[in-house]
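Undergrad: The following block contains the structure, expressed as C-alpha coordinates.
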Amino acid sequence: QAGAQKMSSSSTPVIDQFQRCVVDFPSERSLLVCACAGSGKFTTLALRVKSLLDAGMPASRVLVLTFSTKSRADLLSKIERAVPPPAELPAVNTYHARALACLRQAGCTSTVMEPRVARKEMKAVLLDLGLLNESPGDGRQQSRSAVRAALAVVAKAKAGSGGALSAEERDILRAYNCALGAKGLIDFDDMVPMATEAIDAGACAMPNGNYLHVLLDEAQDTSGSQLAFLQRLAPRSSTVVTCVG
(Lines give C-alpha, C1' and ligand atoms only; values in the text may rest on other atoms or scores of the structure.)
Protein backbone atom coordinates (compact mmCIF):
# COMPACT_ATOMS: atom_id res chain seq x y z
CA GLN A 1 0.00 0.00 0.00
CA ALA A 2 1.55 3.24 -1.15
CA GLY A 3 2.65 5.73 1.45
CA ALA A 4 2.07 9.48 1.54
CA GLN A 5 4.08 11.56 -0.92
CA LYS A 6 6.71 13.98 0.34
CA MET A 7 8.82 16.48 -1.54
CA SER A 8 12.54 16.99 -1.33
CA SER A 9 14.14 20.41 -1.31
CA SER A 10 14.62 20.12 -5.08
CA SER A 11 10.88 19.41 -5.62
CA THR A 12 11.67 15.85 -6.69
CA PRO A 13 9.11 13.41 -5.31
CA VAL A 14 10.37 11.34 -2.41
CA ILE A 15 8.67 7.95 -2.45
CA ASP A 16 8.57 5.24 0.18
CA GLN A 17 9.51 1.59 -0.16
CA PHE A 18 6.02 0.52 -1.23
CA GLN A 19 5.85 3.11 -4.00
CA ARG A 20 9.37 2.11 -5.05
CA CYS A 21 8.19 -1.49 -5.43
CA VAL A 22 5.50 -0.32 -7.86
CA VAL A 23 7.84 1.94 -9.83
CA ASP A 24 10.50 -0.78 -10.19
CA PHE A 25 8.14 -3.72 -10.68
CA PRO A 26 9.16 -5.82 -13.73
CA SER A 27 7.76 -4.19 -16.86
CA GLU A 28 6.68 -7.52 -18.33
CA ARG A 29 4.31 -8.32 -15.45
CA SER A 30 0.86 -6.84 -14.73
CA LEU A 31 0.28 -5.27 -11.35
CA LEU A 32 -2.67 -4.28 -9.15
CA VAL A 33 -1.97 -1.63 -6.51
CA CYS A 34 -4.41 -0.88 -3.67
CA ALA A 35 -3.87 2.42 -1.87
CA CYS A 36 -5.92 4.90 0.12
CA ALA A 37 -6.71 8.46 -0.91
CA GLY A 38 -3.82 10.87 -0.52
CA SER A 39 -1.19 8.14 -0.63
CA GLY A 40 0.58 9.43 -3.72
CA LYS A 41 -0.97 7.25 -6.41
CA PHE A 42 -0.52 9.85 -9.17
CA THR A 43 3.12 10.36 -8.25
CA THR A 44 3.64 6.60 -8.28
CA LEU A 45 1.98 6.24 -11.68
CA ALA A 46 4.03 9.12 -13.09
CA LEU A 47 7.28 7.56 -11.89
CA ARG A 48 6.14 4.17 -13.20
CA VAL A 49 5.75 5.81 -16.61
CA LYS A 50 9.24 7.29 -16.30
CA SER A 51 10.64 3.88 -15.38
CA LEU A 52 9.05 2.27 -18.44
CA LEU A 53 10.36 4.96 -20.78
CA ASP A 54 13.83 4.87 -19.22
CA ALA A 55 13.88 1.11 -19.86
CA GLY A 56 13.41 1.80 -23.57
CA MET A 57 9.66 1.34 -24.04
CA PRO A 58 8.41 3.69 -26.80
CA ALA A 59 6.03 6.34 -25.48
CA SER A 60 3.68 5.59 -28.38
CA ARG A 61 3.15 2.06 -27.03
CA VAL A 62 2.16 3.27 -23.54
CA LEU A 63 -1.36 4.45 -22.64
CA VAL A 64 -2.50 6.04 -19.38
CA LEU A 65 -6.25 5.92 -18.71
CA THR A 66 -8.24 7.80 -16.11
CA PHE A 67 -11.88 8.72 -15.52
CA SER A 68 -12.25 12.50 -15.54
CA THR A 69 -10.73 15.49 -17.29
CA LYS A 70 -9.62 16.87 -13.93
CA SER A 71 -7.77 13.71 -12.92
CA ARG A 72 -6.28 13.55 -16.42
CA ALA A 73 -4.92 17.07 -16.06
CA ASP A 74 -3.48 16.34 -12.61
CA LEU A 75 -1.88 13.09 -13.71
CA LEU A 76 -0.49 14.57 -16.92
CA SER A 77 1.06 17.40 -14.92
CA LYS A 78 2.91 14.90 -12.71
CA ILE A 79 4.06 12.87 -15.70
CA GLU A 80 5.37 16.04 -17.37
CA ARG A 81 7.40 16.83 -14.26
CA ALA A 82 8.72 13.28 -14.04
CA VAL A 83 9.55 13.07 -17.75
CA PRO A 84 10.81 16.52 -18.77
CA PRO A 85 11.33 17.65 -22.40
CA PRO A 86 12.51 16.73 -24.93
CA ALA A 87 11.34 13.22 -24.01
CA GLU A 88 8.16 12.06 -25.75
CA LEU A 89 5.20 11.48 -23.43
CA PRO A 90 2.64 8.67 -23.66
CA ALA A 91 -1.01 9.38 -24.35
CA VAL A 92 -2.93 10.29 -21.19
CA ASN A 93 -6.65 9.96 -21.89
CA THR A 94 -9.98 9.60 -20.19
CA TYR A 95 -11.87 6.48 -21.24
CA HIS A 96 -14.32 8.62 -23.17
CA ALA A 97 -11.67 10.65 -24.99
CA ARG A 98 -9.91 7.46 -26.07
CA ALA A 99 -13.24 5.97 -27.14
CA LEU A 100 -14.23 9.07 -29.11
CA ALA A 101 -10.89 9.00 -30.93
CA CYS A 102 -11.64 5.40 -31.95
CA LEU A 103 -15.10 6.38 -33.18
CA ARG A 104 -13.77 9.26 -35.26
CA GLN A 105 -11.16 6.95 -36.77
CA ALA A 106 -13.97 4.52 -37.61
CA GLY A 107 -15.80 7.29 -39.48
CA CYS A 108 -18.47 8.10 -36.90
CA THR A 109 -19.57 11.72 -37.33
CA SER A 110 -22.35 11.74 -34.73
CA THR A 111 -22.45 14.70 -32.37
CA VAL A 112 -21.89 14.02 -28.67
CA MET A 113 -24.75 15.68 -26.81
CA GLU A 114 -24.34 18.06 -23.94
CA PRO A 115 -26.26 17.05 -20.78
CA ARG A 116 -28.98 19.65 -21.34
CA VAL A 117 -29.66 18.25 -24.82
CA ALA A 118 -29.81 14.72 -23.40
CA ARG A 119 -32.39 15.87 -20.85
CA LYS A 120 -34.44 17.51 -23.60
CA GLU A 121 -34.36 14.37 -25.74
CA MET A 122 -35.29 12.10 -22.83
CA LYS A 123 -38.16 14.37 -21.86
CA ALA A 124 -39.53 14.14 -25.41
CA VAL A 125 -39.22 10.34 -25.30
CA LEU A 126 -41.08 10.07 -22.00
CA LEU A 127 -43.84 12.34 -23.26
CA ASP A 128 -44.16 10.33 -26.46
CA LEU A 129 -44.40 7.08 -24.47
CA GLY A 130 -47.05 8.57 -22.21
CA LEU A 131 -44.82 8.22 -19.16
CA LEU A 132 -44.68 11.92 -18.38
CA ASN A 133 -47.49 14.31 -17.61
CA GLU A 134 -46.29 17.87 -17.43
CA SER A 135 -48.35 20.12 -15.25
CA PRO A 136 -47.74 23.40 -13.42
CA GLY A 137 -46.31 23.53 -9.93
CA ASP A 138 -45.05 20.29 -8.42
CA GLY A 139 -45.57 18.52 -11.74
CA ARG A 140 -42.55 20.25 -13.23
CA GLN A 141 -40.32 19.02 -10.43
CA GLN A 142 -41.69 15.52 -10.88
CA SER A 143 -41.01 15.81 -14.59
CA ARG A 144 -37.37 16.76 -13.99
CA SER A 145 -37.00 13.90 -11.52
CA ALA A 146 -38.47 11.42 -13.99
CA VAL A 147 -36.09 12.58 -16.73
CA ARG A 148 -33.07 12.28 -14.42
CA ALA A 149 -34.17 8.82 -13.29
CA ALA A 150 -34.65 7.63 -16.87
CA LEU A 151 -31.25 8.94 -17.92
CA ALA A 152 -29.67 7.17 -14.95
CA VAL A 153 -31.24 3.87 -16.02
CA VAL A 154 -29.98 4.37 -19.58
CA ALA A 155 -26.48 5.22 -18.36
CA LYS A 156 -26.27 2.09 -16.21
CA ALA A 157 -27.57 -0.08 -19.04
CA LYS A 158 -24.99 1.28 -21.47
CA ALA A 159 -22.23 0.90 -18.88
CA GLY A 160 -23.16 -2.74 -18.40
CA SER A 161 -23.80 -2.24 -14.70
CA GLY A 162 -27.56 -1.80 -14.43
CA GLY A 163 -28.76 -5.38 -14.18
CA ALA A 164 -31.90 -6.59 -15.93
CA LEU A 165 -34.23 -3.90 -17.26
CA SER A 166 -37.98 -3.91 -16.82
CA ALA A 167 -40.19 -3.90 -19.92
CA GLU A 168 -40.84 -0.18 -19.45
CA GLU A 169 -37.13 0.58 -19.08
CA ARG A 170 -36.38 -1.40 -22.25
CA ASP A 171 -39.00 0.66 -24.10
CA ILE A 172 -37.42 3.88 -22.84
CA LEU A 173 -33.92 2.75 -23.85
CA ARG A 174 -35.08 1.67 -27.31
CA ALA A 175 -37.03 4.88 -27.96
CA TYR A 176 -34.20 7.07 -26.66
CA ASN A 177 -31.62 5.37 -28.87
CA CYS A 178 -33.90 5.65 -31.90
CA ALA A 179 -34.48 9.34 -31.24
CA LEU A 180 -30.75 10.01 -31.02
CA GLY A 181 -29.96 7.95 -34.09
CA ALA A 182 -32.52 9.82 -36.16
CA LYS A 183 -30.79 13.10 -35.31
CA GLY A 184 -27.20 11.92 -35.62
CA LEU A 185 -26.59 12.22 -31.89
CA ILE A 186 -24.85 10.06 -29.30
CA ASP A 187 -24.69 10.61 -25.58
CA PHE A 188 -21.75 10.42 -23.21
CA ASP A 189 -22.51 6.80 -22.33
CA ASP A 190 -22.59 5.66 -25.97
CA MET A 191 -18.94 6.35 -26.68
CA VAL A 192 -17.25 3.45 -24.87
CA PRO A 193 -19.53 0.58 -26.04
CA MET A 194 -19.63 1.98 -29.58
CA ALA A 195 -15.83 2.18 -29.67
CA THR A 196 -15.61 -1.43 -28.52
CA GLU A 197 -17.92 -2.43 -31.37
CA ALA A 198 -15.82 -0.43 -33.84
CA ILE A 199 -12.65 -2.23 -32.76
CA ASP A 200 -14.38 -5.62 -33.01
CA ALA A 201 -15.56 -4.74 -36.52
CA GLY A 202 -12.03 -3.79 -37.57
CA ALA A 203 -13.07 -0.19 -38.22
CA CYS A 204 -10.69 1.23 -35.61
CA ALA A 205 -7.10 0.02 -35.71
CA MET A 206 -4.96 0.38 -32.63
CA PRO A 207 -2.46 3.24 -33.01
CA ASN A 208 1.06 1.89 -33.61
CA GLY A 209 -0.22 -1.65 -33.07
CA ASN A 210 -1.37 -2.85 -29.67
CA TYR A 211 -0.21 -0.96 -26.61
CA LEU A 212 2.57 -2.70 -24.73
CA HIS A 213 1.64 -1.19 -21.37
CA VAL A 214 -1.56 0.40 -20.09
CA LEU A 215 -1.67 2.22 -16.75
CA LEU A 216 -5.13 2.57 -15.22
CA ASP A 217 -6.14 4.97 -12.46
CA GLU A 218 -9.09 4.27 -10.09
CA ALA A 219 -9.38 0.70 -11.33
CA GLN A 220 -12.14 -0.09 -8.81
CA ASP A 221 -14.53 2.22 -10.70
CA THR A 222 -14.20 0.36 -14.02
CA SER A 223 -17.64 -0.46 -15.43
CA GLY A 224 -18.54 -3.48 -17.52
CA SER A 225 -18.41 -1.53 -20.78
CA GLN A 226 -15.11 0.09 -19.84
CA LEU A 227 -13.64 -3.31 -19.01
CA ALA A 228 -14.69 -4.63 -22.43
CA PHE A 229 -13.06 -1.59 -24.08
CA LEU A 230 -9.91 -2.03 -21.99
CA GLN A 231 -9.69 -5.68 -23.04
CA ARG A 232 -9.58 -4.53 -26.68
CA LEU A 233 -6.97 -1.88 -25.96
CA ALA A 234 -4.90 -4.22 -23.81
CA PRO A 235 -5.17 -7.87 -24.92
CA ARG A 236 -3.69 -10.24 -22.33
CA SER A 237 -1.50 -11.84 -24.95
CA SER A 238 0.40 -8.66 -25.75
CA THR A 239 -0.22 -5.94 -23.15
CA VAL A 240 0.85 -5.47 -19.55
CA VAL A 241 -1.46 -3.50 -17.25
CA THR A 242 -0.66 -1.51 -14.12
CA CYS A 243 -3.89 -0.85 -12.18
CA VAL A 244 -4.10 1.55 -9.25
CA GLY A 245 -7.17 1.89 -7.06
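Lettering and numbering for the C-alpha coordinates are positional, with chains as A, B, ... in the shown order, residues counted from 1 in each chain, and ligands counted from 1 in the shown order.
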If we count only C-alpha atoms and set the cut-off at 12 Å, which residues sit around Met122 (chain A), ignoring sequence neighbours fewer than 5 positions away in its own chain? Please answer as an NGL selection string.

TA: :A and (113 or 115-117 or 127-129 or 131-132 or 143-154 or 172-180 or 187)

Undergrad: Emit the selected residues as a short mmCIF file (atom, residue, chain, number, x, y, z; two decimals), in the first residue's frame, including N, CA, C and O atoms.

TA:
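Okay, out31.cif is ready:
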data_model
loop_
_atom_site.label_atom_id
_atom_site.label_comp_id
_atom_site.auth_asym_id
_atom_site.auth_seq_id
_atom_site.Cartn_x
_atom_site.Cartn_y
_atom_site.Cartn_z
N MET A 113 -23.84 14.71 -27.43
CA MET A 113 -24.75 15.68 -26.81
C MET A 113 -24.20 16.25 -25.51
O MET A 113 -23.55 15.56 -24.74
N PRO A 115 -25.24 17.57 -21.71
CA PRO A 115 -26.26 17.05 -20.78
C PRO A 115 -27.63 17.69 -20.94
O PRO A 115 -28.65 17.00 -20.85
N ARG A 116 -27.68 18.99 -21.22
CA ARG A 116 -28.98 19.65 -21.34
C ARG A 116 -29.74 19.14 -22.56
O ARG A 116 -30.98 19.04 -22.54
N VAL A 117 -29.01 18.80 -23.62
CA VAL A 117 -29.66 18.25 -24.82
C VAL A 117 -30.17 16.84 -24.52
O VAL A 117 -31.26 16.46 -24.95
N LEU A 127 -42.54 11.79 -22.87
CA LEU A 127 -43.84 12.34 -23.26
C LEU A 127 -44.47 11.50 -24.37
O LEU A 127 -45.67 11.20 -24.34
N ASP A 128 -43.65 11.12 -25.33
CA ASP A 128 -44.16 10.33 -26.46
C ASP A 128 -44.65 8.96 -26.01
O ASP A 128 -45.62 8.42 -26.57
N LEU A 129 -44.00 8.39 -24.98
CA LEU A 129 -44.40 7.08 -24.47
C LEU A 129 -45.55 7.17 -23.48
O LEU A 129 -46.03 6.14 -22.99
N LEU A 131 -45.35 8.47 -20.51
CA LEU A 131 -44.82 8.22 -19.16
C LEU A 131 -44.57 9.51 -18.40
O LEU A 131 -44.07 9.48 -17.27
N LEU A 132 -44.92 10.62 -19.01
CA LEU A 132 -44.68 11.92 -18.38
C LEU A 132 -45.91 12.79 -18.60
O LEU A 132 -46.44 12.87 -19.71
N SER A 143 -41.47 16.03 -13.23
CA SER A 143 -41.01 15.81 -14.59
C SER A 143 -39.48 15.77 -14.65
O SER A 143 -38.89 14.87 -15.26
N ARG A 144 -38.84 16.73 -14.00
CA ARG A 144 -37.37 16.76 -13.99
C ARG A 144 -36.81 15.51 -13.32
O ARG A 144 -35.82 14.94 -13.78
N SER A 145 -37.45 15.10 -12.23
CA SER A 145 -37.00 13.90 -11.52
C SER A 145 -37.14 12.66 -12.38
O SER A 145 -36.26 11.78 -12.40
N ALA A 146 -38.24 12.57 -13.12
CA ALA A 146 -38.47 11.42 -13.99
C ALA A 146 -37.44 11.37 -15.11
O ALA A 146 -36.94 10.29 -15.47
N VAL A 147 -37.10 12.52 -15.67
CA VAL A 147 -36.09 12.58 -16.73
C VAL A 147 -34.73 12.14 -16.19
O VAL A 147 -34.02 11.35 -16.82
N ARG A 148 -34.36 12.67 -15.01
CA ARG A 148 -33.07 12.28 -14.42
C ARG A 148 -33.04 10.78 -14.13
O ARG A 148 -32.01 10.11 -14.37
N ALA A 149 -34.13 10.24 -13.61
CA ALA A 149 -34.17 8.82 -13.29
C ALA A 149 -34.04 7.97 -14.56
O ALA A 149 -33.33 6.95 -14.58
N ALA A 150 -34.72 8.38 -15.62
CA ALA A 150 -34.65 7.63 -16.87
C ALA A 150 -33.25 7.68 -17.47
O ALA A 150 -32.74 6.67 -17.97
N LEU A 151 -32.62 8.82 -17.42
CA LEU A 151 -31.25 8.94 -17.92
C LEU A 151 -30.29 8.09 -17.11
O LEU A 151 -29.34 7.51 -17.65
N ALA A 152 -30.52 7.99 -15.80
CA ALA A 152 -29.67 7.17 -14.95
C ALA A 152 -29.81 5.69 -15.32
O ALA A 152 -28.81 4.96 -15.36
N VAL A 153 -31.01 5.26 -15.60
CA VAL A 153 -31.24 3.87 -16.02
C VAL A 153 -30.52 3.60 -17.34
O VAL A 153 -29.85 2.56 -17.51
N VAL A 154 -30.64 4.52 -18.28
CA VAL A 154 -29.98 4.37 -19.58
C VAL A 154 -28.47 4.32 -19.42
O VAL A 154 -27.78 3.49 -20.04
N ILE A 172 -38.05 2.55 -22.93
CA ILE A 172 -37.42 3.88 -22.84
C ILE A 172 -36.06 3.87 -23.54
O ILE A 172 -35.74 4.77 -24.33
N LEU A 173 -35.25 2.84 -23.25
CA LEU A 173 -33.92 2.75 -23.85
C LEU A 173 -34.01 2.66 -25.37
O LEU A 173 -33.27 3.36 -26.09
N ARG A 174 -34.92 1.84 -25.87
CA ARG A 174 -35.08 1.67 -27.31
C ARG A 174 -35.52 2.98 -27.97
O ARG A 174 -34.96 3.39 -28.99
N ALA A 175 -36.51 3.63 -27.39
CA ALA A 175 -37.03 4.88 -27.96
C ALA A 175 -35.98 5.99 -27.91
O ALA A 175 -35.85 6.79 -28.85
N TYR A 176 -35.24 6.05 -26.82
CA TYR A 176 -34.20 7.07 -26.66
C TYR A 176 -33.12 6.88 -27.71
O TYR A 176 -32.69 7.83 -28.38
N ASN A 177 -32.66 5.64 -27.88
CA ASN A 177 -31.62 5.37 -28.87
C ASN A 177 -32.10 5.68 -30.28
O ASN A 177 -31.35 6.22 -31.11
N CYS A 178 -33.35 5.35 -30.57
CA CYS A 178 -33.90 5.65 -31.90
C CYS A 178 -33.98 7.15 -32.14
O CYS A 178 -33.67 7.63 -33.24
N ALA A 179 -34.38 7.88 -31.11
CA ALA A 179 -34.48 9.34 -31.24
C ALA A 179 -33.11 9.95 -31.51
O ALA A 179 -32.97 10.85 -32.36
N LEU A 180 -32.10 9.48 -30.80
CA LEU A 180 -30.75 10.01 -31.02
C LEU A 180 -30.24 9.64 -32.40
O LEU A 180 -29.65 10.48 -33.10
N ASP A 187 -24.90 10.00 -26.89
CA ASP A 187 -24.69 10.61 -25.58
C ASP A 187 -23.36 10.14 -24.99
O ASP A 187 -22.65 9.32 -25.58
#

Undergrad: Excluding region 13-27 of chain A and its own-chain neighbours fewer than 3 positions away, which residues fall within 12 Å of it when counting only C-alpha atoms? Please give them as JSON, numbers by chain.

TA: {"A": [1, 2, 3, 4, 5, 6, 7, 8, 9, 10, 30, 31, 32, 33, 34, 35, 39, 40, 41, 42, 43, 44, 45, 46, 47, 48, 49, 50, 51, 52, 53, 54, 55, 56, 57, 62, 78, 79, 81, 82, 212, 213, 214, 215, 239, 240, 241, 242, 243, 244]}

Undergrad: So that I can check the secondary structure, give me every residue of region 6-230 of chain A assigned strand (DSSP E or B) by backbone DSSP, as JSON, numbers by chain.

TA: {"A": [6, 7, 13, 14, 31, 32, 33, 62, 63, 64, 65, 66, 91, 92, 93, 94, 111, 112, 185, 186, 213, 214, 215, 216]}

Undergrad: For Val64 (chain A), which residue among A:Tyr211, A:Gln142, A:Leu216, A:Glu169 is the nearest when counting only C-alpha atoms?

TA: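 Counting only C-alpha atoms, the residue closest to Val64 (chain A) is A:Leu216.
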
Undergrad: Hey, could you make a per-residue contact list for region 34-99 of chain A against region 222-237 of chain A with 12 Å as the cut-off, showing the nearest pair of atoms and its distance in Å to one decimal, counting only C-alpha atoms, sorted by chain and number, as JSON lines?

TA:
{"residue": "A:Arg61", "atom": "CA", "partner": "A:Ala234", "partner_atom": "CA", "distance": 10.7}
{"residue": "A:Val62", "atom": "CA", "partner": "A:Ala234", "partner_atom": "CA", "distance": 10.3}
{"residue": "A:Leu63", "atom": "CA", "partner": "A:Leu233", "partner_atom": "CA", "distance": 9.1}
{"residue": "A:Val64", "atom": "CA", "partner": "A:Leu233", "partner_atom": "CA", "distance": 11.2}
{"residue": "A:Leu65", "atom": "CA", "partner": "A:Leu230", "partner_atom": "CA", "distance": 9.3}
{"residue": "A:Thr66", "atom": "CA", "partner": "A:Thr222", "partner_atom": "CA", "distance": 9.8}
{"residue": "A:Phe67", "atom": "CA", "partner": "A:Thr222", "partner_atom": "CA", "distance": 8.8}
{"residue": "A:Thr94", "atom": "CA", "partner": "A:Gln226", "partner_atom": "CA", "distance": 10.8}
{"residue": "A:Tyr95", "atom": "CA", "partner": "A:Gln226", "partner_atom": "CA", "distance": 7.3}
{"residue": "A:His96", "atom": "CA", "partner": "A:Gln226", "partner_atom": "CA", "distance": 9.2}
{"residue": "A:Arg98", "atom": "CA", "partner": "A:Phe229", "partner_atom": "CA", "distance": 9.8}
{"residue": "A:Ala99", "atom": "CA", "partner": "A:Phe229", "partner_atom": "CA", "distance": 8.2}

Undergrad: Just to confirm, what's the straight-line distance from CA of Pro90 (chain A) to CA of Val112 (chain A) in Å (one decimal)?

TA: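 Computing the Euclidean distance for CA of Pro90 (chain A) and CA of Val112 (chain A) yields 25.6 Å.
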
Undergrad: What is the distance between CA of Met194 (chain A) and CA of Ala73 (chain A), in Å to one decimal?

TA: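 For CA of Met194 (chain A) relative to CA of Ala73 (chain A), the distance reads 25.0 Å.
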
Undergrad: Taking the DSSP assignment computed from this structure's backbone, write out as a ChimeraX atom specification all residues of region 17-93 of chain A that belong to alpha helix (DSSP H).

TA: /A:17-23,41-54,69-82

Undergrad: Select, from A:Ala59, A:Ala205, A:Ala91, A:Met191, the residue with the minimum atom-to-atom distance to Ala106 (chain A), counting only C-alpha atoms.

TA: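 Among the listed residues, A:Ala205 lies closest to Ala106 (chain A).
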
Undergrad: For CA of Asp74 (chain A) and CA of Leu89 (chain A), quote the distance in Å rounded to one decimal.

TA: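 Separating CA of Asp74 (chain A) from CA of Leu89 (chain A) is a distance of 14.7 Å.
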
Undergrad: Which residue out of A:Ala203, A:Ala97, A:Ala182, A:Ala87 has the minimum interatomic distance to Ser68 (chain A) when only C-alpha atoms are used?

TA: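 Under the stated criterion, the closest residue is A:Ala97.
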